[in-house]
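Trainee: Sharing work.tsv below, TSV, C-alpha atoms:
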chain	number	residue	atom	x	y	z
N	13	MET	CA	0.00	0.00	0.00
N	14	VAL	CA	1.28	3.46	-0.90
N	15	SER	CA	2.06	5.45	2.25
N	16	SER	CA	1.30	9.11	2.84
N	17	ARG	CA	5.03	9.72	3.16
N	18	HIS	CA	5.54	8.18	-0.27
N	19	GLU	CA	2.84	10.43	-1.75
N	20	ALA	CA	4.31	13.62	-0.27
N	21	ALA	CA	7.79	12.84	-1.61
N	22	HIS	CA	6.69	13.02	-5.25
N	23	ARG	CA	3.46	15.07	-5.18
N	24	ILE	CA	5.37	18.20	-4.21
N	25	PHE	CA	6.87	18.18	-7.73
N	26	GLN	CA	3.40	18.10	-9.28
N	27	GLU	CA	2.02	20.87	-7.11
N	28	ARG	CA	5.16	23.03	-6.87
N	29	PRO	CA	7.08	22.47	-10.16
N	30	GLU	CA	9.31	25.45	-9.34
N	31	LEU	CA	11.18	22.92	-7.17
N	32	LEU	CA	12.74	21.52	-10.35
N	33	ALA	CA	15.13	24.46	-10.78
N	34	PRO	CA	17.00	24.10	-7.44
N	35	VAL	CA	16.77	20.31	-7.61
N	36	PHE	CA	18.42	20.19	-11.03
N	37	ARG	CA	21.17	22.48	-9.71
N	38	ILE	CA	21.73	20.01	-6.87
N	39	LEU	CA	21.98	17.19	-9.43
N	40	ASP	CA	24.27	19.28	-11.64
N	41	VAL	CA	21.93	18.76	-14.59
N	42	PRO	CA	21.14	21.82	-16.75
N	43	LEU	CA	17.48	22.83	-16.78
N	44	PRO	CA	16.36	25.20	-19.56
N	45	LYS	CA	15.41	28.64	-18.26
N	46	GLU	CA	11.76	29.69	-18.36
N	47	ALA	CA	10.68	26.16	-19.22
N	48	ALA	CA	6.96	25.42	-18.94
N	49	VAL	CA	6.18	22.39	-16.77
N	50	GLU	CA	3.02	20.32	-17.28
N	51	VAL	CA	1.78	17.41	-15.19
N	52	LEU	CA	0.97	14.34	-17.30
N	53	THR	CA	-0.97	11.20	-16.42
N	54	PRO	CA	1.26	8.72	-14.58
N	55	ASP	CA	-0.56	5.79	-16.22
N	56	ALA	CA	1.83	3.69	-18.30
N	57	THR	CA	-0.59	0.82	-18.95
N	58	GLU	CA	-0.97	-0.51	-22.48
N	59	ILE	CA	-4.44	-1.66	-23.60
N	60	ARG	CA	-5.40	-4.10	-20.92
N	61	PRO	CA	-2.91	-6.32	-19.13
N	62	LEU	CA	-0.79	-5.37	-16.13
N	63	GLU	CA	-1.27	-1.95	-14.58
N	64	ARG	CA	1.92	0.09	-14.55
N	65	ARG	CA	1.92	3.51	-12.98
N	66	VAL	CA	4.72	6.00	-12.43
N	67	ASP	CA	4.38	8.12	-9.29
N	68	SER	CA	4.52	11.43	-11.19
N	69	VAL	CA	5.30	12.48	-14.75
N	70	LEU	CA	6.16	16.04	-15.77
N	71	ARG	CA	6.64	17.44	-19.26
N	72	VAL	CA	9.30	20.15	-19.38
N	73	ASP	CA	9.05	22.47	-22.40
N	74	PRO	CA	11.65	25.24	-22.81
N	75	PRO	CA	10.58	28.17	-25.00
N	76	ASP	CA	13.12	27.30	-27.71
N	77	GLY	CA	12.24	23.59	-27.99
N	78	GLY	CA	14.17	20.52	-26.90
N	79	GLY	CA	11.79	19.47	-24.12
N	80	PHE	CA	11.82	16.23	-22.19
N	81	LEU	CA	9.75	14.12	-19.80
N	82	LEU	CA	10.63	13.59	-16.15
N	83	ALA	CA	9.32	10.45	-14.45
N	84	ILE	CA	9.48	10.82	-10.66
N	85	GLU	CA	9.46	7.86	-8.29
N	86	ALA	CA	9.49	7.94	-4.48
N	87	GLN	CA	11.42	4.94	-3.18
N	88	GLY	CA	11.37	3.80	0.45
N	89	ARG	CA	13.67	0.78	0.21
N	90	PRO	CA	15.85	-1.12	-2.26
N	91	ASP	CA	13.78	-3.29	-4.58
N	92	PRO	CA	15.47	-5.59	-7.14
N	93	ASP	CA	12.33	-5.59	-9.30
N	94	LYS	CA	12.37	-1.83	-9.79
N	95	ALA	CA	15.04	-1.85	-12.50
N	96	VAL	CA	12.68	-3.59	-14.92
N	97	SER	CA	9.77	-1.27	-14.04
N	98	TRP	CA	11.90	1.83	-14.45
N	99	ALA	CA	13.25	0.66	-17.80
N	100	TYR	CA	9.66	0.06	-18.93
N	101	TYR	CA	8.50	3.51	-17.80
N	102	LEU	CA	11.28	5.28	-19.68
N	103	ALA	CA	10.82	3.24	-22.85
N	104	PHE	CA	7.03	3.67	-22.76
N	105	LEU	CA	7.20	7.44	-22.22
N	106	LYS	CA	9.74	7.84	-25.01
N	107	ALA	CA	7.61	5.77	-27.41
N	108	LYS	CA	4.33	7.45	-26.52
N	109	HIS	CA	5.43	11.09	-26.40
N	110	LYS	CA	8.31	10.97	-28.89
N	111	ARG	CA	10.69	12.85	-26.65
N	112	PRO	CA	13.55	11.99	-24.25
N	113	ALA	CA	12.66	10.81	-20.76
N	114	LEU	CA	14.62	10.99	-17.51
N	115	LEU	CA	13.96	9.19	-14.22
N	116	LEU	CA	14.24	11.00	-10.86
N	117	VAL	CA	14.15	8.83	-7.73
N	118	VAL	CA	13.41	10.53	-4.39
N	119	CYS	CA	14.62	8.77	-1.22
N	120	GLN	CA	14.45	9.61	2.47
N	121	ASP	CA	17.34	7.42	3.61
N	122	LYS	CA	20.89	7.29	2.35
N	123	SER	CA	21.17	3.52	1.87
N	124	THR	CA	18.17	3.52	-0.48
N	125	ALA	CA	19.53	6.55	-2.32
N	126	ASP	CA	22.91	4.86	-2.79
N	127	TRP	CA	21.19	1.78	-4.22
N	128	ALA	CA	18.85	3.81	-6.45
N	129	ALA	CA	21.78	5.52	-8.18
N	130	GLY	CA	22.44	2.30	-10.08
N	131	PRO	CA	23.25	1.91	-12.87
N	132	PHE	CA	20.88	-1.02	-13.45
N	133	ARG	CA	21.92	-3.23	-16.34
N	134	LEU	CA	19.45	-5.58	-18.01
N	135	GLY	CA	20.45	-8.45	-20.24
N	136	LEU	CA	22.92	-11.31	-19.82
N	137	ASP	CA	25.83	-11.41	-17.41
N	138	ASP	CA	28.28	-10.85	-20.24
N	139	TRP	CA	26.13	-8.53	-22.37
N	140	THR	CA	24.14	-5.47	-21.29
N	141	ALA	CA	21.10	-4.97	-23.50
N	142	LEU	CA	19.73	-1.98	-21.59
N	143	SER	CA	21.05	0.24	-18.81
N	144	VAL	CA	19.03	2.53	-16.50
N	145	HIS	CA	20.76	5.52	-14.91
N	146	PRO	CA	18.39	7.31	-12.49
N	147	LEU	CA	18.88	10.79	-11.10
N	148	VAL	CA	18.65	10.48	-7.32
N	149	LEU	CA	17.73	12.88	-4.52
N	150	GLY	CA	18.34	11.86	-0.93
N	151	PRO	CA	19.93	12.85	2.37
N	152	GLY	CA	23.36	12.72	0.75
N	153	ASN	CA	22.79	15.57	-1.72
N	154	VAL	CA	19.71	17.53	-0.61
N	155	PRO	CA	20.98	20.43	1.54
N	156	VAL	CA	20.18	20.68	5.24
N	157	ILE	CA	18.67	24.15	5.76
N	158	LEU	CA	19.06	25.44	9.31
N	159	ASP	CA	18.88	29.19	8.66
N	160	PRO	CA	15.36	30.72	8.73
N	161	GLU	CA	16.39	33.45	6.28
N	162	GLU	CA	17.72	30.89	3.82
N	163	ALA	CA	14.55	28.82	4.22
N	164	ALA	CA	12.37	31.90	3.59
N	165	GLN	CA	14.12	32.54	0.27
N	166	ASP	CA	12.81	29.24	-1.13
N	167	LEU	CA	10.08	27.66	1.00
N	168	THR	CA	9.52	24.88	-1.53
N	169	LEU	CA	13.12	23.70	-1.38
N	170	ALA	CA	13.21	24.16	2.41
N	171	THR	CA	10.09	22.03	2.77
N	172	PHE	CA	11.48	19.37	0.46
N	173	SER	CA	14.69	19.41	2.50
N	174	ALA	CA	12.71	18.90	5.70
N	175	LEU	CA	10.85	15.96	4.11
N	176	THR	CA	14.09	14.39	2.89
N	177	HIS	CA	15.84	14.76	6.25
N	178	GLY	CA	12.88	13.64	8.38
N	179	SER	CA	15.01	11.03	10.17
N	180	HIS	CA	18.11	13.25	10.40
N	181	ARG	CA	19.49	14.09	13.84
N	182	ASP	CA	19.07	17.77	12.97
N	183	ALA	CA	15.40	17.34	12.00
N	184	PRO	CA	14.13	19.44	14.97
N	185	ALA	CA	16.46	22.32	14.05
N	186	ILE	CA	15.50	22.05	10.37
N	187	LEU	CA	11.80	22.24	11.25
N	188	LYS	CA	12.32	25.11	13.67
N	189	ALA	CA	14.05	27.14	10.96
N	190	LEU	CA	11.24	26.34	8.52
N	191	ALA	CA	8.55	27.33	11.03
N	192	ARG	CA	10.25	30.70	11.52
N	193	ALA	CA	10.56	31.16	7.76
N	194	MET	CA	6.84	30.61	7.32
N	195	GLY	CA	6.18	33.76	9.32
N	196	THR	CA	6.84	35.72	6.12
N	197	ALA	CA	4.78	33.49	3.81
N	198	ASP	CA	1.27	33.96	2.45
N	199	PRO	CA	-1.60	32.04	4.11
N	200	GLU	CA	-2.08	29.61	1.23
N	201	SER	CA	1.58	28.61	1.24
N	202	VAL	CA	1.65	28.16	5.01
N	203	SER	CA	-1.40	25.90	4.84
N	204	TYR	CA	0.00	23.83	1.95
N	205	TYR	CA	3.52	23.33	3.31
N	206	SER	CA	2.28	22.69	6.84
N	207	GLU	CA	-0.07	19.93	5.73
N	208	LEU	CA	2.46	18.45	3.33
N	209	LEU	CA	4.98	18.11	6.14
N	210	GLU	CA	2.49	16.47	8.47
N	211	ILE	CA	1.79	13.91	5.74
N	212	GLY	CA	5.37	13.51	4.59
N	213	LEU	CA	6.82	13.05	8.07
N	214	GLU	CA	4.40	10.25	8.95
N	215	GLY	CA	6.21	7.57	10.93
N	216	PHE	CA	9.06	9.87	11.97
N	217	PRO	CA	9.36	11.49	15.45
N	218	ALA	CA	9.84	14.71	13.48
N	219	LYS	CA	6.09	14.76	12.78
N	220	ASP	CA	5.37	15.49	16.45
N	221	THR	CA	8.14	18.08	16.44
N	222	TRP	CA	6.49	19.82	13.49
N	223	ARG	CA	3.06	19.84	15.10
N	224	LYS	CA	4.54	21.46	18.20
N	225	GLU	CA	6.42	24.04	16.14
N	226	MET	CA	3.20	25.04	14.42
N	227	SER	CA	1.20	25.30	17.64
N	228	VAL	CA	3.34	27.03	20.25
N	229	GLY	CA	3.36	30.50	18.68
N	230	THR	CA	6.73	31.61	20.12
N	231	TYR	CA	8.66	32.16	16.92
N	232	PHE	CA	7.27	35.44	15.66
N	233	PRO	CA	7.30	39.06	16.79
N	234	GLY	CA	4.20	40.52	18.39
N	235	ARG	CA	1.53	38.61	20.20
N	236	GLY	CA	0.31	36.10	17.58
N	237	THR	CA	0.99	32.55	16.55
N	238	LEU	CA	2.33	31.54	13.15
N	239	ILE	CA	-1.23	31.14	11.95
N	240	GLU	CA	-2.09	34.62	13.15
N	241	GLU	CA	0.94	36.14	11.47
N	242	THR	CA	0.09	34.55	8.15
N	243	PHE	CA	-3.69	34.52	8.08
N	244	LEU	CA	-4.34	37.97	9.50
N	245	LYS	CA	-3.17	39.88	6.45
N	246	GLY	CA	-5.30	41.67	3.94
N	247	LYS	CA	-7.99	44.27	4.03
N	248	ALA	CA	-10.29	44.88	6.97
N	249	GLU	CA	-13.32	43.50	5.21
N	250	GLY	CA	-11.83	39.99	5.11
N	251	GLN	CA	-10.16	40.01	8.49
N	252	THR	CA	-12.93	38.39	10.52
N	253	GLN	CA	-13.17	35.41	8.18
N	254	GLU	CA	-9.39	35.04	8.08
N	255	ARG	CA	-9.13	35.24	11.85
N	256	ALA	CA	-11.92	32.70	12.33
N	257	LEU	CA	-10.11	30.34	9.96
N	258	ALA	CA	-6.91	30.92	11.91
N	259	VAL	CA	-8.63	29.94	15.17
N	260	LEU	CA	-9.97	26.75	13.59
N	261	ARG	CA	-6.61	26.00	11.99
N	262	VAL	CA	-4.69	26.26	15.27
N	263	LEU	CA	-7.23	24.05	17.06
N	264	GLU	CA	-7.08	21.45	14.28
N	265	LYS	CA	-3.29	21.44	14.24
N	266	ARG	CA	-3.22	20.86	18.00
N	267	GLY	CA	-5.71	18.02	17.75
N	268	VAL	CA	-8.49	19.81	19.66
N	269	ALA	CA	-11.93	18.45	18.76
N	270	ILE	CA	-14.23	21.08	17.22
N	271	PRO	CA	-17.95	20.26	17.63
N	272	ALA	CA	-20.30	21.57	14.95
N	273	GLU	CA	-21.77	24.18	17.31
N	274	ALA	CA	-18.30	25.51	18.16
N	275	HIS	CA	-17.32	25.59	14.49
N	276	ASP	CA	-20.45	27.56	13.62
N	277	ARG	CA	-19.92	29.97	16.49
N	278	ILE	CA	-16.36	30.72	15.44
N	279	THR	CA	-17.10	31.15	11.75
N	280	ALA	CA	-20.19	33.30	12.43
N	281	CYS	CA	-18.37	35.68	14.77
N	282	THR	CA	-17.78	39.19	13.38
N	283	ASP	CA	-16.08	40.61	16.47
N	284	LEU	CA	-12.37	40.95	15.70
N	285	ASP	CA	-11.48	41.42	19.36
N	286	ALA	CA	-13.31	38.25	20.37
N	287	LEU	CA	-11.69	36.32	17.55
N	288	GLY	CA	-8.31	37.68	18.60
N	289	ARG	CA	-8.85	36.44	22.15
N	290	TRP	CA	-9.91	33.04	20.87
N	291	LEU	CA	-6.82	32.90	18.67
N	292	ASP	CA	-4.58	33.58	21.66
N	293	LEU	CA	-6.38	30.93	23.71
N	294	ALA	CA	-6.36	28.39	20.87
N	295	VAL	CA	-2.68	27.64	21.45
N	296	THR	CA	-3.27	26.45	25.04
N	297	VAL	CA	-6.86	25.18	25.49
N	298	SER	CA	-7.76	21.49	25.48
N	299	THR	CA	-11.42	21.92	24.50
N	300	THR	CA	-13.56	24.52	22.73
N	301	ASP	CA	-15.51	24.92	25.98
N	302	GLU	CA	-12.35	26.37	27.52
N	303	LEU	CA	-12.04	28.65	24.50
N	304	PHE	CA	-15.46	30.18	25.15
N	305	ALA	CA	-15.27	30.13	28.95
N	306	VAL	CA	-13.66	33.57	29.19
N	307	GLU	CA	-16.29	35.09	26.91
N	308	GLU	CA	-19.08	33.59	29.02
N	309	SER	CA	-17.56	34.83	32.29
N	310	ASP	CA	-17.38	38.40	30.95
N	311	ARG	CA	-21.12	38.56	30.35
Let me see the structure of the file written as structure tokens.
Mentor:
Amino acid sequence: MVSSRHEAAHRIFQERPELLAPVFRILDVPLPKEAAVEVLTPDATEIRPLERRVDSVLRVDPPDGGGFLLAIEAQGRPDPDKAVSWAYYLAFLKAKHKRPALLLVVCQDKSTADWAAGPFRLGLDDWTALSVHPLVLGPGNVPVILDPEEAAQDLTLATFSALTHGSHRDAPAILKALARAMGTADPESVSYYSELLEIGLEGFPAKDTWRKEMSVGTYFPGRGTLIEETFLKGKAEGQTQERALAVLRVLEKRGVAIPAEAHDRITACTDLDALGRWLDLAVTVSTTDELFAVEESDR
């Protein structure tokens, strides 16, 4: 069964194709400037028989021609059967789309990354009929980003780095730097990267570290949490809705149950001061009843 961690490792390329530029620099492979990137179907099944599916497939089209396909596979462990599958994917994509195809393998542990680098030779012992040479990303070549300012310059790469180094001894410091960097990001990006990390760090102690980083609210100037800093931007007319969403977001991230009545009360509130108080309380309360207790006592 495909794990959530597996999904996060390759889906980030589909949803944030700008990651290709720094990744190709890491791999020392030239990527055409201003290339358009399109997500293609990962289905590599012919007519009927055996289903074959690549994790992700991107079409890279530079403005002056000479495009190529990039098949992306997330790999959690060495698998001797993968060489045949990967050779099939590359041959199928080349035949179907009439353009070159490359394979990028994303790993979260060094031993798997070392294995995935190949090359994988198919044929007889004394004659290679076909050879597969994957590009590989793993803990050995993806940079460890510990500086919040560096992380803020490229949140996509910083998030990918945190995913790749989820089992690294410096994972808490990596996540702390990323949490600080998100204080300068737009609300949509904060929501996307935060959720992606929760999914991608599944099974690692770093997942709990990340949840704590996103809930304590001690990494930003002023009185607010990360959610407050990012969601409470914009014009006054949208502030109440944004602040209500921020309250709900903090509660959800901390695992606090939100009954339907509490959800409706928060989203229906148009009092910015009340929402601000709830936002402050959301980082410490255990139930929504505690959230509203102060409001009730003031009446």
Trainee: With all atoms listed in the file as the basis for distance, which of N:Ala197, N:Val295, N:Ala163, N:Leu114 is at the shortest distance from Lys224 (chain N)?
Mentor: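 Going through N:Ala197, N:Val295, N:Ala163, N:Leu114 one by one, the smallest distance to Lys224 (chain N) is for N:Val295.
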Trainee: So what do you get for CA of Phe216 (chain N) versus CA of His22 (chain N), distance-wise?
Mentor: 17.7 Å
Trainee: Residues within 7 Å of region 72-84 of chain N, please, as a short mmCIF file (atom, residue, chain, number, x, y, z; two decimals) with C-alpha atoms, in the coordinates of the input. Count all atoms listed in the file; anything in the same chain fewer than 2 positions from it doesn't count.
Mentor:
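Result written to around.cif:
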data_model
loop_
_atom_site.label_atom_id
_atom_site.label_comp_id
_atom_site.auth_asym_id
_atom_site.auth_seq_id
_atom_site.Cartn_x
_atom_site.Cartn_y
_atom_site.Cartn_z
CA HIS N 22 6.69 13.02 -5.25
CA PRO N 44 16.36 25.20 -19.56
CA LYS N 45 15.41 28.64 -18.26
CA GLU N 46 11.76 29.69 -18.36
CA ALA N 47 10.68 26.16 -19.22
CA ALA N 48 6.96 25.42 -18.94
CA VAL N 49 6.18 22.39 -16.77
CA GLU N 50 3.02 20.32 -17.28
CA VAL N 66 4.72 6.00 -12.43
CA ASP N 67 4.38 8.12 -9.29
CA SER N 68 4.52 11.43 -11.19
CA VAL N 69 5.30 12.48 -14.75
CA LEU N 70 6.16 16.04 -15.77
CA ALA N 86 9.49 7.94 -4.48
CA ARG N 111 10.69 12.85 -26.65
CA PRO N 112 13.55 11.99 -24.25
CA ALA N 113 12.66 10.81 -20.76
CA LEU N 114 14.62 10.99 -17.51
CA LEU N 115 13.96 9.19 -14.22
CA LEU N 116 14.24 11.00 -10.86
CA VAL N 117 14.15 8.83 -7.73
#
Trainee: Excluding region 176-191 of chain N and residues on its chain fewer than 2 positions from it, collect all residues at most 10 Å away from it, counting only C-alpha atoms, and give them as a PyMOL selection string.
Mentor: chain N and resi 21+118-122+149-164+167+170-174+193-196+202+205-206+209+212-226+229+231-232+238
Trainee: Go ahead and write the residues just picked, C-alpha atoms, as a PDB file, keeping the file's coordinate frame.
Mentor:
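Dumped everything to again27.pdb:
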ATOM      1  CA  ALA N  21       7.790  12.840  -1.610  1.00  0.00           C
ATOM      2  CA  VAL N 118      13.410  10.530  -4.390  1.00  0.00           C
ATOM      3  CA  CYS N 119      14.620   8.770  -1.220  1.00  0.00           C
ATOM      4  CA  GLN N 120      14.450   9.610   2.470  1.00  0.00           C
ATOM      5  CA  ASP N 121      17.340   7.420   3.610  1.00  0.00           C
ATOM      6  CA  LYS N 122      20.890   7.290   2.350  1.00  0.00           C
ATOM      7  CA  LEU N 149      17.730  12.880  -4.520  1.00  0.00           C
ATOM      8  CA  GLY N 150      18.340  11.860  -0.930  1.00  0.00           C
ATOM      9  CA  PRO N 151      19.930  12.850   2.370  1.00  0.00           C
ATOM     10  CA  GLY N 152      23.360  12.720   0.750  1.00  0.00           C
ATOM     11  CA  ASN N 153      22.790  15.570  -1.720  1.00  0.00           C
ATOM     12  CA  VAL N 154      19.710  17.530  -0.610  1.00  0.00           C
ATOM     13  CA  PRO N 155      20.980  20.430   1.540  1.00  0.00           C
ATOM     14  CA  VAL N 156      20.180  20.680   5.240  1.00  0.00           C
ATOM     15  CA  ILE N 157      18.670  24.150   5.760  1.00  0.00           C
ATOM     16  CA  LEU N 158      19.060  25.440   9.310  1.00  0.00           C
ATOM     17  CA  ASP N 159      18.880  29.190   8.660  1.00  0.00           C
ATOM     18  CA  PRO N 160      15.360  30.720   8.730  1.00  0.00           C
ATOM     19  CA  GLU N 161      16.390  33.450   6.280  1.00  0.00           C
ATOM     20  CA  GLU N 162      17.720  30.890   3.820  1.00  0.00           C
ATOM     21  CA  ALA N 163      14.550  28.820   4.220  1.00  0.00           C
ATOM     22  CA  ALA N 164      12.370  31.900   3.590  1.00  0.00           C
ATOM     23  CA  LEU N 167      10.080  27.660   1.000  1.00  0.00           C
ATOM     24  CA  ALA N 170      13.210  24.160   2.410  1.00  0.00           C
ATOM     25  CA  THR N 171      10.090  22.030   2.770  1.00  0.00           C
ATOM     26  CA  PHE N 172      11.480  19.370   0.460  1.00  0.00           C
ATOM     27  CA  SER N 173      14.690  19.410   2.500  1.00  0.00           C
ATOM     28  CA  ALA N 174      12.710  18.900   5.700  1.00  0.00           C
ATOM     29  CA  ALA N 193      10.560  31.160   7.760  1.00  0.00           C
ATOM     30  CA  MET N 194       6.840  30.610   7.320  1.00  0.00           C
ATOM     31  CA  GLY N 195       6.180  33.760   9.320  1.00  0.00           C
ATOM     32  CA  THR N 196       6.840  35.720   6.120  1.00  0.00           C
ATOM     33  CA  VAL N 202       1.650  28.160   5.010  1.00  0.00           C
ATOM     34  CA  TYR N 205       3.520  23.330   3.310  1.00  0.00           C
ATOM     35  CA  SER N 206       2.280  22.690   6.840  1.00  0.00           C
ATOM     36  CA  LEU N 209       4.980  18.110   6.140  1.00  0.00           C
ATOM     37  CA  GLY N 212       5.370  13.510   4.590  1.00  0.00           C
ATOM     38  CA  LEU N 213       6.820  13.050   8.070  1.00  0.00           C
ATOM     39  CA  GLU N 214       4.400  10.250   8.950  1.00  0.00           C
ATOM     40  CA  GLY N 215       6.210   7.570  10.930  1.00  0.00           C
ATOM     41  CA  PHE N 216       9.060   9.870  11.970  1.00  0.00           C
ATOM     42  CA  PRO N 217       9.360  11.490  15.450  1.00  0.00           C
ATOM     43  CA  ALA N 218       9.840  14.710  13.480  1.00  0.00           C
ATOM     44  CA  LYS N 219       6.090  14.760  12.780  1.00  0.00           C
ATOM     45  CA  ASP N 220       5.370  15.490  16.450  1.00  0.00           C
ATOM     46  CA  THR N 221       8.140  18.080  16.440  1.00  0.00           C
ATOM     47  CA  TRP N 222       6.490  19.820  13.490  1.00  0.00           C
ATOM     48  CA  ARG N 223       3.060  19.840  15.100  1.00  0.00           C
ATOM     49  CA  LYS N 224       4.540  21.460  18.200  1.00  0.00           C
ATOM     50  CA  GLU N 225       6.420  24.040  16.140  1.00  0.00           C
ATOM     51  CA  MET N 226       3.200  25.040  14.420  1.00  0.00           C
ATOM     52  CA  GLY N 229       3.360  30.500  18.680  1.00  0.00           C
ATOM     53  CA  TYR N 231       8.660  32.160  16.920  1.00  0.00           C
ATOM     54  CA  PHE N 232       7.270  35.440  15.660  1.00  0.00           C
ATOM     55  CA  LEU N 238       2.330  31.540  13.150  1.00  0.00           C
TER      56      LEU N 238
END
Trainee: So, counting all atoms listed in the file, which residue among N:Leu208, N:Leu291, N:Leu260, N:Ala286 is closest to Ala274 (chain N)?
Mentor: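 Checking each candidate against Ala274 (chain N), we get N:Leu260 as the closest.
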Trainee: What is the CA of His145 (chain N) to CA of Phe132 (chain N) distance in Å?
Mentor: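 Atom-to-atom, CA of His145 (chain N) and CA of Phe132 (chain N) are spaced 6.7 Å apart.
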Trainee: What separation in Å, quoted to one decimal, exists between CA of Val96 (chain N) and CA of Ala129 (chain N)?
Mentor: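 Those two atoms sit 14.5 Å apart.
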Trainee: Using only C-alpha atoms, find the one residue out of N:Leu287, N:Val51, N:Val148, N:Val297 that sits nearest to Gln253 (chain N).
Mentor: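 Distance minimum relative to Gln253 (chain N) lands on N:Leu287.
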Trainee: In terms of the shortest atom-to-atom distance over only C-alpha atoms, which of N:Pro92, N:Arg65, N:Leu39, N:Arg71 is closest to Gln26 (chain N)?
Mentor: N:Arg71
